[in-house]
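Data from run07.txt: compact mmCIF, C-alpha atoms
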```txt
# COMPACT_ATOMS: atom_id res chain seq x y z
CA MET K 198 0.00 0.00 0.00
CA THR K 199 2.88 2.37 0.82
CA ALA K 200 4.51 1.85 -2.60
CA GLY K 201 1.15 2.45 -4.32
CA ARG K 202 0.38 5.70 -2.54
CA VAL K 203 3.93 7.04 -3.02
CA LEU K 204 3.82 6.19 -6.73
CA LEU K 205 0.38 7.74 -7.20
CA GLY K 206 1.34 10.76 -5.11
CA GLY K 207 4.51 11.22 -7.15
CA VAL K 208 2.52 11.14 -10.39
CA PHE K 209 0.13 13.80 -9.04
CA VAL K 210 3.02 16.02 -7.90
CA TYR K 211 4.73 15.69 -11.31
CA ALA K 212 1.46 16.42 -13.16
CA ALA K 213 0.98 19.54 -11.01
CA TYR K 214 4.55 20.66 -11.64
CA THR K 215 4.23 20.43 -15.44
CA LYS K 216 1.06 22.53 -15.31
CA LEU K 217 2.27 25.12 -12.83
CA ARG K 218 5.43 25.87 -14.80
CA ALA K 219 3.43 26.66 -17.96
CA ASP K 220 1.08 29.53 -18.68
CA PRO K 221 -2.33 28.72 -17.10
CA LEU K 222 -4.04 29.92 -20.27
CA LEU K 223 -2.34 27.16 -22.25
CA PHE K 224 -3.73 24.60 -19.84
CA ALA K 225 -7.12 26.34 -20.06
CA MET K 226 -6.97 25.88 -23.85
CA ALA K 227 -6.23 22.17 -23.34
CA ILE K 228 -9.23 21.80 -21.00
CA ASP K 229 -11.44 23.85 -23.32
CA ALA K 230 -10.51 21.57 -26.23
CA TYR K 231 -12.39 18.73 -24.52
CA LYS K 232 -15.58 20.81 -24.86
CA VAL K 233 -17.05 19.49 -21.65
CA MET K 234 -17.43 22.80 -19.82
CA PRO K 235 -17.91 26.47 -20.64
CA GLU K 236 -14.79 28.49 -21.39
CA TRP K 237 -14.89 30.55 -18.17
CA MET K 238 -15.00 27.31 -16.19
CA ALA K 239 -12.02 25.92 -18.14
CA VAL K 240 -10.03 29.04 -17.24
CA GLY K 241 -10.98 28.62 -13.56
CA ALA K 242 -10.19 24.90 -13.60
CA ALA K 243 -6.80 25.59 -15.17
CA ARG K 244 -5.91 27.85 -12.26
CA VAL K 245 -7.23 25.58 -9.48
CA LEU K 246 -6.60 22.03 -10.73
CA PRO K 247 -2.77 22.03 -10.57
CA TRP K 248 -2.89 23.12 -6.91
CA VAL K 249 -5.46 20.43 -6.11
CA GLU K 250 -3.19 17.86 -7.78
CA LEU K 251 -0.19 19.14 -5.83
CA ALA K 252 -2.05 18.99 -2.48
CA LEU K 253 -3.36 15.50 -3.25
CA GLY K 254 0.06 14.31 -4.36
CA ILE K 255 1.81 15.56 -1.24
CA ALA K 256 -0.91 14.11 1.02
CA LEU K 257 -0.61 10.73 -0.72
CA VAL K 258 3.18 10.66 -0.48
CA VAL K 259 3.10 11.66 3.20
CA GLY K 260 0.21 9.26 3.86
CA ILE K 261 -2.20 11.54 5.69
CA TRP K 262 -6.03 11.32 5.50
CA LEU K 263 -5.59 8.36 3.20
CA ARG K 264 -9.28 7.52 2.84
CA VAL K 265 -10.09 11.09 1.85
CA THR K 266 -7.09 11.63 -0.45
CA ALA K 267 -7.43 8.21 -2.15
CA THR K 268 -11.15 8.85 -2.73
CA ALA K 269 -10.47 12.34 -4.12
CA ALA K 270 -7.67 11.01 -6.36
CA THR K 271 -9.94 8.23 -7.65
CA ALA K 272 -12.77 10.66 -8.36
CA LEU K 273 -10.39 13.05 -10.17
CA LEU K 274 -8.82 10.27 -12.24
CA ALA K 275 -12.28 8.90 -13.08
CA VAL K 276 -13.29 12.32 -14.40
CA PHE K 277 -10.06 12.58 -16.45
CA PHE K 278 -10.45 9.08 -17.82
CA THR K 279 -14.10 9.61 -18.81
CA ALA K 280 -13.23 12.88 -20.56
CA MET K 281 -10.34 11.22 -22.40
CA VAL K 282 -12.45 8.27 -23.56
CA HIS K 283 -15.11 10.72 -24.73
CA ALA K 284 -12.57 12.78 -26.72
CA TYR K 285 -10.51 9.88 -28.09
CA GLN K 286 -10.50 9.54 -31.87
CA PRO K 287 -8.62 6.40 -32.92
CA ASP K 288 -6.26 6.97 -35.87
CA ALA K 289 -7.27 10.63 -36.17
CA LYS K 290 -4.62 12.79 -37.77
CA GLU K 291 -6.47 16.04 -37.64
CA GLY K 292 -7.72 18.03 -34.69
CA GLN K 293 -6.21 15.66 -32.15
CA ILE K 294 -6.91 16.79 -28.60
CA SER K 295 -4.00 17.17 -26.27
CA CYS K 296 -4.32 14.96 -23.20
CA GLY K 297 -3.20 17.82 -20.95
CA CYS K 298 -2.10 15.23 -18.39
CA PHE K 299 1.51 16.37 -18.09
CA GLY K 300 1.45 19.70 -19.86
CA LEU K 301 0.68 20.12 -23.53
CA GLY K 302 1.91 18.27 -26.59
CA GLU K 303 0.76 14.75 -25.86
CA PRO K 304 -2.30 13.85 -27.90
CA ILE K 305 -4.87 11.45 -26.50
CA SER K 306 -3.92 7.99 -27.67
CA GLY K 307 -4.30 4.37 -26.72
CA ARG K 308 -1.14 4.76 -24.65
CA THR K 309 -2.47 7.69 -22.64
CA LEU K 310 -5.75 5.83 -22.06
CA VAL K 311 -3.93 2.74 -20.78
CA ARG K 312 -1.73 4.89 -18.55
CA ASP K 313 -4.67 6.84 -17.11
CA GLY K 314 -6.73 3.67 -16.71
CA THR K 315 -3.87 2.00 -14.82
CA LEU K 316 -3.57 5.00 -12.51
CA LEU K 317 -7.33 4.94 -11.95
CA ALA K 318 -7.21 1.24 -11.08
CA LEU K 319 -4.27 1.82 -8.72
CA SER K 320 -6.07 4.71 -7.06
CA ALA K 321 -9.29 2.71 -6.67
CA ALA K 322 -7.34 -0.20 -5.16
CA LEU K 323 -5.60 2.20 -2.78
CA MET K 324 -8.96 3.68 -1.77
CA ALA K 325 -10.42 0.21 -1.16
CA ALA K 326 -7.35 -0.78 0.85
CA ALA K 327 -7.50 2.42 2.91
CA PHE K 328 -11.14 1.80 3.81
CA TYR K 329 -10.49 -1.90 4.51
CA VAL K 330 -7.56 -1.16 6.84
CA ALA K 331 -9.58 1.50 8.65
CA ARG K 332 -12.49 -0.93 9.12
CA ARG K 333 -10.19 -3.68 10.36
CA ARG K 334 -8.62 -1.25 12.80
CA ARG K 335 -12.03 -0.15 14.05
CA ALA K 336 -13.16 -3.77 14.35
CA GLY K 337 -9.97 -4.59 16.19
CA GLU K 338 -10.46 -1.72 18.58
CA ALA K 339 -14.11 -2.70 19.15
CA GLY K 340 -13.11 -6.33 19.75
CA ALA K 341 -10.34 -5.33 22.17
CA LEU K 342 -12.61 -3.10 24.28
CA PRO K 343 -14.75 -5.81 26.03
CA ALA K 344 -11.64 -7.87 26.72
CA GLY K 345 -10.06 -4.85 28.36
CA ASN K 346 -13.20 -4.34 30.40
CA VAL K 347 -13.16 -7.97 31.53
CA VAL K 348 -9.55 -7.62 32.60
CA ALA K 349 -10.41 -4.45 34.43
CA GLN K 350 -13.26 -6.13 36.30
CA MET X 476 27.87 76.98 -91.41
CA ARG X 477 30.26 75.43 -88.91
CA LEU X 478 27.70 76.15 -86.24
CA TRP X 479 24.98 74.36 -88.21
CA ARG X 480 27.26 71.39 -88.84
CA GLY X 481 28.14 71.15 -85.16
CA LEU X 482 24.49 71.33 -84.16
CA ALA X 483 23.59 68.66 -86.67
CA ALA X 484 26.35 66.43 -85.28
CA VAL X 485 25.09 66.86 -81.72
CA VAL X 486 21.48 66.13 -82.74
CA GLY X 487 22.64 63.11 -84.73
CA ALA X 488 24.61 61.79 -81.80
CA PHE X 489 21.61 62.16 -79.51
CA ALA X 490 19.36 60.44 -82.00
CA LEU X 491 21.81 57.57 -82.37
CA ALA X 492 22.18 57.25 -78.60
CA ALA X 493 18.41 57.28 -78.15
CA THR X 494 17.98 54.62 -80.84
CA VAL X 495 20.64 52.39 -79.32
CA ALA X 496 19.27 52.88 -75.83
CA GLY X 497 15.74 52.24 -77.04
CA ALA X 498 16.71 49.10 -78.87
CA GLY X 499 18.84 47.91 -75.96
CA GLY X 500 16.08 48.67 -73.45
CA GLY X 501 13.59 46.89 -75.62
CA GLN X 502 15.70 43.79 -75.44
CA THR X 503 16.72 44.04 -71.77
CA ARG X 504 13.28 44.51 -70.19
CA PRO X 505 11.57 41.41 -71.63
CA GLN X 506 14.70 39.38 -70.94
CA ALA X 507 14.71 40.46 -67.28
CA LYS X 508 10.98 39.87 -67.10
CA ALA X 509 11.34 36.43 -68.61
CA ALA X 510 14.15 35.59 -66.22
CA ALA X 511 12.06 36.70 -63.25
CA GLU X 512 9.11 34.67 -64.50
CA ALA X 513 11.22 31.63 -65.23
CA GLU X 514 12.69 31.39 -61.79
CA PRO X 515 10.81 33.13 -58.99
CA GLY X 516 12.29 33.23 -55.50
CA PRO X 517 11.45 30.91 -52.64
CA PRO X 518 7.83 30.87 -51.44
CA GLU X 519 6.80 33.64 -49.09
CA LYS X 520 4.28 31.99 -46.79
CA SER X 521 4.44 34.36 -43.87
CA LEU X 522 2.20 37.29 -43.15
CA GLY X 523 3.16 40.24 -41.01
CA SER X 524 6.22 42.05 -39.82
CA ARG X 525 9.48 40.15 -39.35
CA SER X 526 10.09 42.22 -36.22
CA ALA X 527 6.73 41.32 -34.63
CA PRO X 528 7.05 40.36 -30.93
CA ILE X 529 5.05 37.17 -31.43
CA VAL X 530 5.66 34.52 -34.08
CA MET X 531 3.01 31.92 -34.79
CA GLU X 532 3.92 28.89 -36.88
CA VAL X 533 0.96 26.86 -38.11
CA PHE X 534 1.42 23.37 -39.56
CA SER X 535 -1.69 22.60 -41.53
CA ASP X 536 -3.28 20.48 -44.19
CA TYR X 537 -5.71 22.08 -46.64
CA SER X 538 -8.08 19.08 -46.53
CA CYS X 539 -8.36 19.14 -42.75
CA PRO X 540 -11.71 20.53 -41.49
CA VAL X 541 -10.19 21.56 -38.14
CA CYS X 542 -7.54 23.55 -40.05
CA ARG X 543 -10.36 25.24 -41.95
CA SER X 544 -12.09 26.08 -38.65
CA PHE X 545 -8.83 27.42 -37.30
CA TYR X 546 -8.36 29.51 -40.43
CA PHE X 547 -11.80 31.11 -40.32
CA GLY X 548 -12.16 31.22 -36.55
CA ASN X 549 -8.66 32.34 -35.61
CA ILE X 550 -6.36 33.25 -38.51
CA ARG X 551 -8.81 35.58 -40.27
CA PRO X 552 -9.52 37.67 -37.15
CA MET X 553 -5.83 37.55 -36.18
CA LEU X 554 -4.86 39.04 -39.55
CA GLU X 555 -6.79 42.14 -38.63
CA ASP X 556 -6.13 42.26 -34.88
CA TYR X 557 -2.48 41.23 -34.70
CA VAL X 558 -0.84 40.81 -38.10
CA ALA X 559 -1.96 44.12 -39.63
CA THR X 560 -0.92 45.94 -36.46
CA GLY X 561 2.60 44.47 -36.51
CA LYS X 562 2.12 42.41 -33.35
CA LEU X 563 2.31 38.98 -34.89
CA LEU X 564 4.16 37.22 -37.67
CA LEU X 565 2.15 34.32 -39.01
CA ILE X 566 4.05 31.53 -40.73
CA HIS X 567 2.24 28.87 -42.73
CA ARG X 568 3.82 25.42 -42.96
CA ASP X 569 2.47 22.66 -45.15
CA PHE X 570 1.92 19.33 -43.48
CA PRO X 571 -0.18 17.36 -45.99
CA LEU X 572 -1.49 14.19 -44.39
CA THR X 573 -0.73 12.01 -47.37
CA GLY X 574 -1.90 8.43 -47.09
CA VAL X 575 -4.83 9.36 -44.86
CA ILE X 576 -8.35 8.80 -46.21
CA GLY X 577 -9.95 12.09 -47.23
CA HIS X 578 -6.58 13.74 -47.81
CA GLU X 579 -5.87 12.43 -51.31
CA HIS X 580 -5.57 15.95 -52.76
CA SER X 581 -3.82 17.58 -49.81
CA ARG X 582 -0.40 17.53 -51.39
CA GLN X 583 -1.72 18.88 -54.66
CA ALA X 584 -3.29 21.79 -52.77
CA ALA X 585 -0.03 22.42 -50.92
CA LEU X 586 1.87 22.42 -54.23
CA TYR X 587 -0.48 24.98 -55.79
CA GLU X 588 -0.35 27.18 -52.69
CA THR X 589 3.46 26.99 -52.58
CA ALA X 590 3.70 27.87 -56.27
CA ALA X 591 1.38 30.82 -55.68
CA ALA X 592 3.50 31.85 -52.71
CA ARG X 593 6.54 31.98 -54.99
CA ILE X 594 4.87 34.69 -57.04
CA GLY X 595 3.52 36.59 -54.03
CA LYS X 596 -0.03 35.25 -54.14
CA PHE X 597 -0.03 33.14 -50.99
CA GLU X 598 -2.79 34.95 -49.13
CA GLU X 599 -5.27 34.76 -52.02
CA VAL X 600 -4.73 31.04 -52.68
CA ASP X 601 -4.57 30.13 -48.98
CA GLY X 602 -7.99 31.73 -48.43
CA ALA X 603 -9.50 30.19 -51.57
CA LEU X 604 -8.36 26.67 -50.67
CA TYR X 605 -9.99 26.86 -47.25
CA ASP X 606 -13.04 28.63 -48.59
CA LYS X 607 -13.70 25.98 -51.24
CA GLN X 608 -12.34 23.05 -49.23
CA VAL X 609 -15.50 20.94 -49.41
CA GLN X 610 -15.64 21.37 -53.19
CA TRP X 611 -12.07 20.40 -54.16
CA VAL X 612 -11.70 17.70 -51.51
CA ARG X 613 -14.71 16.03 -53.16
CA ASP X 614 -13.90 16.55 -56.85
CA GLY X 615 -10.10 16.89 -56.64
CA ASN X 616 -10.10 19.94 -58.89
CA VAL X 617 -7.62 22.11 -56.99
CA ASP X 618 -6.62 23.82 -60.22
CA ALA X 619 -10.06 25.35 -60.77
CA VAL X 620 -10.22 26.76 -57.24
CA VAL X 621 -6.80 28.39 -57.58
CA ALA X 622 -7.55 29.63 -61.11
CA ALA X 623 -10.61 31.45 -59.80
CA VAL X 624 -8.50 33.80 -57.68
CA LEU X 625 -5.46 34.31 -59.93
CA SER X 626 -5.01 36.14 -63.20
CA SER X 627 -4.50 33.91 -66.24
CA ARG X 628 -0.85 35.01 -66.42
CA ASP X 629 -0.22 34.11 -62.76
CA MET X 630 -2.13 30.86 -63.13
CA LYS X 631 0.06 29.91 -66.07
CA ARG X 632 3.17 30.42 -63.94
CA VAL X 633 1.66 28.46 -61.05
CA ARG X 634 0.74 25.55 -63.32
CA GLU X 635 4.23 25.53 -64.81
CA MET X 636 5.80 25.31 -61.38
CA VAL X 637 3.43 22.59 -60.16
CA GLU X 638 3.71 20.50 -63.33
CA GLY X 639 7.46 21.06 -63.59
CA GLY X 640 8.05 19.81 -60.06
CA LYS X 641 9.45 23.18 -59.03
CA VAL X 642 7.72 23.33 -55.65
CA ASP X 643 7.83 19.75 -54.37
CA SER X 644 11.05 20.35 -52.46
CA TYR X 645 9.50 23.26 -50.54
CA VAL X 646 6.48 21.19 -49.46
CA ASP X 647 8.79 18.31 -48.54
CA SER X 648 10.98 20.59 -46.46
CA ASP X 649 7.93 21.94 -44.56
CA LYS X 650 6.81 18.38 -43.89
CA ALA X 651 10.30 17.37 -42.75
CA LEU X 652 10.40 20.37 -40.42
CA GLY X 653 7.04 19.34 -38.95
CA THR X 654 8.22 15.77 -38.48
CA ALA X 655 11.36 17.05 -36.74
CA LYS X 656 9.14 19.14 -34.47
CA ARG X 657 7.04 16.05 -33.66
CA VAL X 658 3.94 17.28 -35.47
CA SER X 659 1.55 14.34 -35.52
CA SER X 660 -1.72 16.01 -36.40
CA THR X 661 -3.05 19.17 -37.97
CA PRO X 662 -3.31 21.95 -37.16
CA THR X 663 -0.28 22.12 -34.88
CA ILE X 664 0.48 25.60 -33.68
CA TYR X 665 3.66 26.92 -32.12
CA VAL X 666 3.73 30.38 -30.60
CA THR X 667 7.07 32.00 -29.87
CA ALA X 668 7.21 35.07 -27.65
CA HIS X 669 9.97 36.39 -25.40
CA GLY X 670 12.29 33.66 -26.68
CA ARG X 671 10.00 30.88 -25.50
CA THR X 672 8.08 28.55 -27.80
CA GLU X 673 4.81 27.01 -26.63
CA LEU X 674 2.48 24.53 -28.26
CA VAL X 675 -1.08 25.81 -28.57
CA PRO X 676 -4.01 23.38 -29.02
CA GLY X 677 -5.31 23.38 -32.58
CA ASN X 678 -8.99 23.62 -31.72
CA VAL X 679 -8.57 26.62 -29.46
CA SER X 680 -11.29 29.26 -29.37
CA TYR X 681 -10.36 32.73 -30.57
CA SER X 682 -11.33 34.37 -27.28
CA LEU X 683 -8.85 32.19 -25.35
CA LEU X 684 -6.15 32.57 -27.98
CA ARG X 685 -6.66 36.32 -27.93
CA ARG X 686 -6.31 36.41 -24.15
CA TYR X 687 -3.09 34.45 -24.43
CA LEU X 688 -1.65 36.66 -27.17
CA ASP X 689 -2.59 39.84 -25.28
CA GLU X 690 -0.97 38.45 -22.17
CA GLN X 691 2.22 37.79 -24.15
CA LEU X 692 2.19 41.33 -25.52
CA GLN X 693 1.78 42.81 -22.04
CA LYS X 694 4.69 40.86 -20.58
```
Structure encoded using structure tokens:
Amino acid sequence: MTAGRVLLGGVFVYAAYTKLRADPLLFAMAIDAYKVMPEWMAVGAARVLPWVELALGIALVVGIWLRVTATAATALLAVFFTAMVHAYQPDAKEGQISCGCFGLGEPISGRTLVRDGTLLALSAALMAAAFYVARRRRAGEAGALPAGNVVAQ
Amino acid sequence: MRLWRGLAAVVGAFALAATVAGAGGGQTRPQAKAAAEAEPGPPEKSLGSRSAPIVMEVFSDYSCPVCRSFYFGNIRPMLEDYVATGKLLLIHRDFPLTGVIGHEHSRQAALYETAAARIGKFEEVDGALYDKQVQWVRDGNVDAVVAAVLSSRDMKRVREMVEGGKVDSYVDSDKALGTAKRVSSTPTIYVTAHGRTELVPGNVSYSLLRRYLDEQLQK
């Protein structure tokens, strides 16, 4: 689980870095190209999204609020993946949409879909593991409580 | 008498000089004209001032509908807002998607446009090819579309260059440049400002592109 969250967190931090070092309007253009939201929203998303990715990435690497961060990462990756599938044009040589995953210049392709799908699966597995561990811990604590009481009596 | 003879000699000399000059000029001008027509310079496919603070390089294919949208939605308004005002230099690069279904006449269109660019008629032919894209992509008659916007004399020169293979190397060199720059689809747009080159999405809206260009000009 540790390797998974560090890997996923690292990917989020890198994705944020590539977006923050470029002009936000270029990223806004990449989001707008998907045609899934109005232009003003794309501009807003381009300014906010890299910081969200950075915060999520750092939280995942550090390992804090894992259930929350893993759920947020899964939701974000699910949105990205859906948008990419929607915009994907196999074998298109004209008007290809840039993935916008790690800056501009990488058109949506089978490779980017596999990569994003793998990250989504990893994130979902991490989320499931985080919830499972938390439940086990709670169950363990609940099971330990009566025993403690018995000892105390 | 001597005066008259001297005057006559001077007039005669002038007349002779004028005749020689006239005859010589009559031979030189058509020769120069013919030479210029025979071998025009390299194609001029850029619009705007060479000292413009922003340079936009557009790799496009004349058969590509997204390139057509980019032309009418972005290039046309940019010509007025940025190119005419000396803020932007627009460079056209041919990247015909040969071998792709629906792009069978792309190279032919690029050849005609390049030939027209060699005689200073790039803008007219560029506009006509996008304007009549649906028509020539369907019937393959690029020649007719170009002929409609050029004089018969210019069209003759363009046809000679296309048929004589005089422009293939220019189209090939544009394509090679695009390949070297990792162009994989059209349109691919590079914007250079303040010494930095950025890739701009091809299906960008003009309002966003305008915001970006204005931001670059304000920096």
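Residue nearest X:Gly523 within the list X:Glu638, X:Glu588, X:Glu599, X:Asp556: X:Asp556 [criterion: smallest interatomic distance, all atoms listed in the file].
Distances here use only C-alpha atoms; by that measure, the residue among X:Gly615, X:Pro518, X:Gly639, X:Gly577 closest to chain K is X:Gly577.
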(request) Just need the residues of chain K within 12 Å of chain X, counting all atoms listed in the file, so spit them out as a PyMOL selection string. (result) chain K and resi 218-232+235-237+239-240+286+288-297+300-306
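Atom CA of X:Val666 is found 25.8 Å from atom CA of X:Ala590.
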Could you name the residues that touch K:Leu251 at 6 Å or less, counting only C-alpha atoms, but leaving out those on the same chain fewer than 3 positions away, as a PDB file with C-alpha atoms, in the frame of the given file?
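What ended up in result-v9.pdb:
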```
ATOM      1  CA  VAL K 210       3.020  16.020  -7.900  1.00  0.00           C
ATOM      2  CA  ALA K 213       0.980  19.540 -11.010  1.00  0.00           C
ATOM      3  CA  TRP K 248      -2.890  23.120  -6.910  1.00  0.00           C
ATOM      4  CA  GLY K 254       0.060  14.310  -4.360  1.00  0.00           C
TER       5      GLY K 254
END
```
(request) Would you kindly return, as a PyMOL selection string, each protein, DNA or RNA residue with an atom no farther than 10 Å from any atom of stretch 308-323 of chain K, considering all atoms listed in the file and excluding same-chain residues fewer than 4 positions away? (result) chain K and resi 198-199+201-202+204-206+208+263-264+266-279+281-282+285+296+298+303-304+327-329
Let me see the file: selected residues, C-alpha atoms, as a PDB file, in the frame of the given file.
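Written output follows (part.pdb):
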```pdb
ATOM      1  CA  MET K 198       0.000   0.000   0.000  1.00  0.00           C
ATOM      2  CA  THR K 199       2.880   2.370   0.820  1.00  0.00           C
ATOM      3  CA  GLY K 201       1.150   2.450  -4.320  1.00  0.00           C
ATOM      4  CA  ARG K 202       0.380   5.700  -2.540  1.00  0.00           C
ATOM      5  CA  LEU K 204       3.820   6.190  -6.730  1.00  0.00           C
ATOM      6  CA  LEU K 205       0.380   7.740  -7.200  1.00  0.00           C
ATOM      7  CA  GLY K 206       1.340  10.760  -5.110  1.00  0.00           C
ATOM      8  CA  VAL K 208       2.520  11.140 -10.390  1.00  0.00           C
ATOM      9  CA  LEU K 263      -5.590   8.360   3.200  1.00  0.00           C
ATOM     10  CA  ARG K 264      -9.280   7.520   2.840  1.00  0.00           C
ATOM     11  CA  THR K 266      -7.090  11.630  -0.450  1.00  0.00           C
ATOM     12  CA  ALA K 267      -7.430   8.210  -2.150  1.00  0.00           C
ATOM     13  CA  THR K 268     -11.150   8.850  -2.730  1.00  0.00           C
ATOM     14  CA  ALA K 269     -10.470  12.340  -4.120  1.00  0.00           C
ATOM     15  CA  ALA K 270      -7.670  11.010  -6.360  1.00  0.00           C
ATOM     16  CA  THR K 271      -9.940   8.230  -7.650  1.00  0.00           C
ATOM     17  CA  ALA K 272     -12.770  10.660  -8.360  1.00  0.00           C
ATOM     18  CA  LEU K 273     -10.390  13.050 -10.170  1.00  0.00           C
ATOM     19  CA  LEU K 274      -8.820  10.270 -12.240  1.00  0.00           C
ATOM     20  CA  ALA K 275     -12.280   8.900 -13.080  1.00  0.00           C
ATOM     21  CA  VAL K 276     -13.290  12.320 -14.400  1.00  0.00           C
ATOM     22  CA  PHE K 277     -10.060  12.580 -16.450  1.00  0.00           C
ATOM     23  CA  PHE K 278     -10.450   9.080 -17.820  1.00  0.00           C
ATOM     24  CA  THR K 279     -14.100   9.610 -18.810  1.00  0.00           C
ATOM     25  CA  MET K 281     -10.340  11.220 -22.400  1.00  0.00           C
ATOM     26  CA  VAL K 282     -12.450   8.270 -23.560  1.00  0.00           C
ATOM     27  CA  TYR K 285     -10.510   9.880 -28.090  1.00  0.00           C
ATOM     28  CA  CYS K 296      -4.320  14.960 -23.200  1.00  0.00           C
ATOM     29  CA  CYS K 298      -2.100  15.230 -18.390  1.00  0.00           C
ATOM     30  CA  GLU K 303       0.760  14.750 -25.860  1.00  0.00           C
ATOM     31  CA  PRO K 304      -2.300  13.850 -27.900  1.00  0.00           C
ATOM     32  CA  ALA K 327      -7.500   2.420   2.910  1.00  0.00           C
ATOM     33  CA  PHE K 328     -11.140   1.800   3.810  1.00  0.00           C
ATOM     34  CA  TYR K 329     -10.490  -1.900   4.510  1.00  0.00           C
TER      35      TYR K 329
END
```
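Across the structure, atom CA of K:Arg334 and atom CA of K:Val259 are spaced 19.9 Å apart.
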(message) Would you compute the distance between atom CA of X:Glu598 and atom CA of X:Leu625? Give it in Å to one decimal.
(response) 11.1 Å
(request) Write out as an NGL selection string each polymer residue whose atoms come within 12 Å of X:Tyr557, counting all atoms listed in the file; drop sequence neighbours fewer than 5 positions from it. (result) :X and (522-524 or 527-531 or 549-552 or 562-565 or 684-685 or 688-689 or 692)
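Among the candidate residues K:Ala331, K:Leu217, K:Ala200, K:Ala325, the one lying nearest to K:Glu250 is K:Leu217, with distances computed using all atoms listed in the file.
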(message) I'd like the contact shell of K:Val203 - 10 Å cut-off, all atoms listed in the file, skipping same-chain residues fewer than 6 positions apart - returned as a VMD selection string.
(response) chain K and resid 209 254 to 260
(request) Within 12 Å of X:Ser626, counting all atoms listed in the file, which residues show up once you throw out same-chain ones fewer than 3 positions away? Write them as a list in words, please. (result) Ala591, Ile594, Lys596, Glu599, Val600, Val621, Ala622, Ala623, Asp629, Met630, Lys631, Arg632 and Val633 of chain X
Where atoms are lacking, stretch 231-243 of chain K completed to N, CA and C atoms, as an mmCIF file, in the coordinates of the input:
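And here is the file that came out, out_12.cif:
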```cif
data_model
loop_
_atom_site.group_PDB
_atom_site.id
_atom_site.type_symbol
_atom_site.label_atom_id
_atom_site.label_comp_id
_atom_site.auth_asym_id
_atom_site.auth_seq_id
_atom_site.Cartn_x
_atom_site.Cartn_y
_atom_site.Cartn_z
ATOM 1 N N TYR K 231 -11.541 19.897 -24.791
ATOM 2 C CA TYR K 231 -12.390 18.730 -24.520
ATOM 3 C C TYR K 231 -13.877 19.045 -24.728
ATOM 4 N N LYS K 232 -14.209 20.328 -24.673
ATOM 5 C CA LYS K 232 -15.580 20.810 -24.860
ATOM 6 C C LYS K 232 -16.570 20.144 -23.899
ATOM 7 N N VAL K 233 -16.155 20.078 -22.651
ATOM 8 C CA VAL K 233 -17.050 19.490 -21.650
ATOM 9 C C VAL K 233 -17.528 20.532 -20.636
ATOM 10 N N MET K 234 -17.015 21.732 -20.738
ATOM 11 C CA MET K 234 -17.430 22.800 -19.820
ATOM 12 C C MET K 234 -17.304 24.145 -20.516
ATOM 13 N N PRO K 235 -18.043 25.167 -20.002
ATOM 14 C CA PRO K 235 -17.910 26.470 -20.640
ATOM 15 C C PRO K 235 -16.492 27.040 -20.469
ATOM 16 N N GLU K 236 -16.159 27.961 -21.347
ATOM 17 C CA GLU K 236 -14.790 28.490 -21.390
ATOM 18 C C GLU K 236 -14.348 29.123 -20.061
ATOM 19 N N TRP K 237 -15.263 29.886 -19.424
ATOM 20 C CA TRP K 237 -14.890 30.550 -18.170
ATOM 21 C C TRP K 237 -14.548 29.515 -17.096
ATOM 22 N N MET K 238 -15.241 28.363 -17.155
ATOM 23 C CA MET K 238 -15.000 27.310 -16.190
ATOM 24 C C MET K 238 -13.640 26.637 -16.464
ATOM 25 N N ALA K 239 -13.320 26.504 -17.754
ATOM 26 C CA ALA K 239 -12.020 25.920 -18.140
ATOM 27 C C ALA K 239 -10.880 26.796 -17.629
ATOM 28 N N VAL K 240 -11.066 28.108 -17.723
ATOM 29 C CA VAL K 240 -10.030 29.040 -17.240
ATOM 30 C C VAL K 240 -9.876 28.891 -15.726
ATOM 31 N N GLY K 241 -11.016 28.790 -15.015
ATOM 32 C CA GLY K 241 -10.980 28.620 -13.560
ATOM 33 C C GLY K 241 -10.340 27.292 -13.177
ATOM 34 N N ALA K 242 -10.733 26.240 -13.889
ATOM 35 C CA ALA K 242 -10.190 24.900 -13.600
ATOM 36 C C ALA K 242 -8.683 24.860 -13.827
ATOM 37 N N ALA K 243 -8.232 25.575 -14.857
ATOM 38 C CA ALA K 243 -6.800 25.590 -15.170
ATOM 39 C C ALA K 243 -5.997 26.258 -14.057
#
```
